[in-house]
Amino acid sequence: MKKLLKFAKPYWGYLAVTVLAGIGCSVVNVWIIDILKQLIDESVKGKIGAVLPGLALKAALAVVVGMAANYLVIRMTGFFGAGILK
């Protein structure tokens, strides 16, 4: 086990970025659910017109952040796995 940790030592940065990006993916998933909840609540109240632009902006931001975080998870996991296999 110590040998495996020794080989993985140069790749801890990739692993740390992977963990942070994974947390980012989870946060974005919760954020999207919250946006949908707000959308439903405001449409039931009949005030959707006033909050729709703000919710659309939040949704677009959530999608962009989610795409970046998902890409980073896949990319950094690949770097870490390829580095360990060397």
# chains A, B, ... in the order shown; residues from 1 in each chain; ligands from 1

$ residues_around --residues "A:Leu36" --least-positions-apart "4" --cutoff "9 Å" --atoms "only C-alpha atoms" --output "compact mmCIF listing (two decimals) with C-alpha atoms, in the first residue's frame"
# COMPACT_ATOMS: atom_id res chain seq x y z
CA TRP A 31 -28.99 24.44 -6.90
CA ILE A 32 -30.98 23.34 -9.97
CA ILE A 40 -43.00 26.31 -9.25
CA ASP A 41 -43.68 28.40 -6.13
CA LEU A 55 -34.32 32.51 -12.41
CA ALA A 59 -30.33 28.45 -14.36

$ residues_around --residues "A:Val73" --least-positions-apart "4" --cutoff "9 Å" --atoms "only C-alpha atoms" --output "PyMOL selection string"
chain A and resi 17-22+25+68-69+77-78

$ write_last_selection --atoms "N, CA, C and O atoms" --output "CSV table (one decimal), in the first residue's frame"
chain,number,residue,atom,x,y,z
A,17,VAL,N,-8.3,18.5,-7.3
A,17,VAL,CA,-9.2,19.2,-8.2
A,17,VAL,C,-10.4,18.3,-8.5
A,17,VAL,O,-11.5,18.8,-8.6
A,18,THR,N,-10.2,17.0,-8.6
A,18,THR,CA,-11.3,16.1,-8.9
A,18,THR,C,-12.3,16.1,-7.7
A,18,THR,O,-13.5,16.1,-8.0
A,19,VAL,N,-11.8,16.1,-6.5
A,19,VAL,CA,-12.7,16.1,-5.4
A,19,VAL,C,-13.5,17.4,-5.3
A,19,VAL,O,-14.7,17.4,-5.1
A,20,LEU,N,-12.8,18.5,-5.6
A,20,LEU,CA,-13.5,19.8,-5.6
A,20,LEU,C,-14.5,19.9,-6.7
A,20,LEU,O,-15.6,20.5,-6.5
A,21,ALA,N,-14.2,19.4,-7.9
A,21,ALA,CA,-15.1,19.4,-9.0
A,21,ALA,C,-16.3,18.5,-8.7
A,21,ALA,O,-17.4,18.8,-9.1
A,22,GLY,N,-16.1,17.4,-8.0
A,22,GLY,CA,-17.2,16.5,-7.7
A,22,GLY,C,-18.1,17.2,-6.7
A,22,GLY,O,-19.3,17.1,-6.8
A,25,CYS,N,-20.2,19.6,-8.7
A,25,CYS,CA,-21.3,18.9,-9.4
A,25,CYS,C,-22.5,18.7,-8.4
A,25,CYS,O,-23.6,18.9,-8.8
A,68,ALA,N,-18.7,22.7,-16.5
A,68,ALA,CA,-17.3,22.9,-16.2
A,68,ALA,C,-16.9,21.9,-15.1
A,68,ALA,O,-15.8,21.2,-15.2
A,69,ALA,N,-17.7,21.8,-14.1
A,69,ALA,CA,-17.3,20.8,-13.0
A,69,ALA,C,-17.4,19.4,-13.5
A,69,ALA,O,-16.5,18.6,-13.1
A,77,THR,N,-9.8,12.9,-13.4
A,77,THR,CA,-9.8,11.5,-13.1
A,77,THR,C,-9.0,10.7,-14.1
A,77,THR,O,-8.2,9.8,-13.8
A,78,GLY,N,-9.1,11.1,-15.4
A,78,GLY,CA,-8.3,10.5,-16.4
A,78,GLY,C,-6.8,10.8,-16.2
A,78,GLY,O,-6.0,9.9,-16.4

$ atom_distance --atom1 "atom CA of A:Lys6" --atom2 "atom CA of A:Ile23"
25.8 Å

$ closest_residue --among "A:Gly81, A:Pro53, A:Val27, A:Lys47" --to "A:Tyr11" --atoms "only C-alpha atoms"
A:Gly81

$ atom_distance --atom1 "atom CA of A:Ile35" --atom2 "atom CA of A:Met67"
16.9 Å
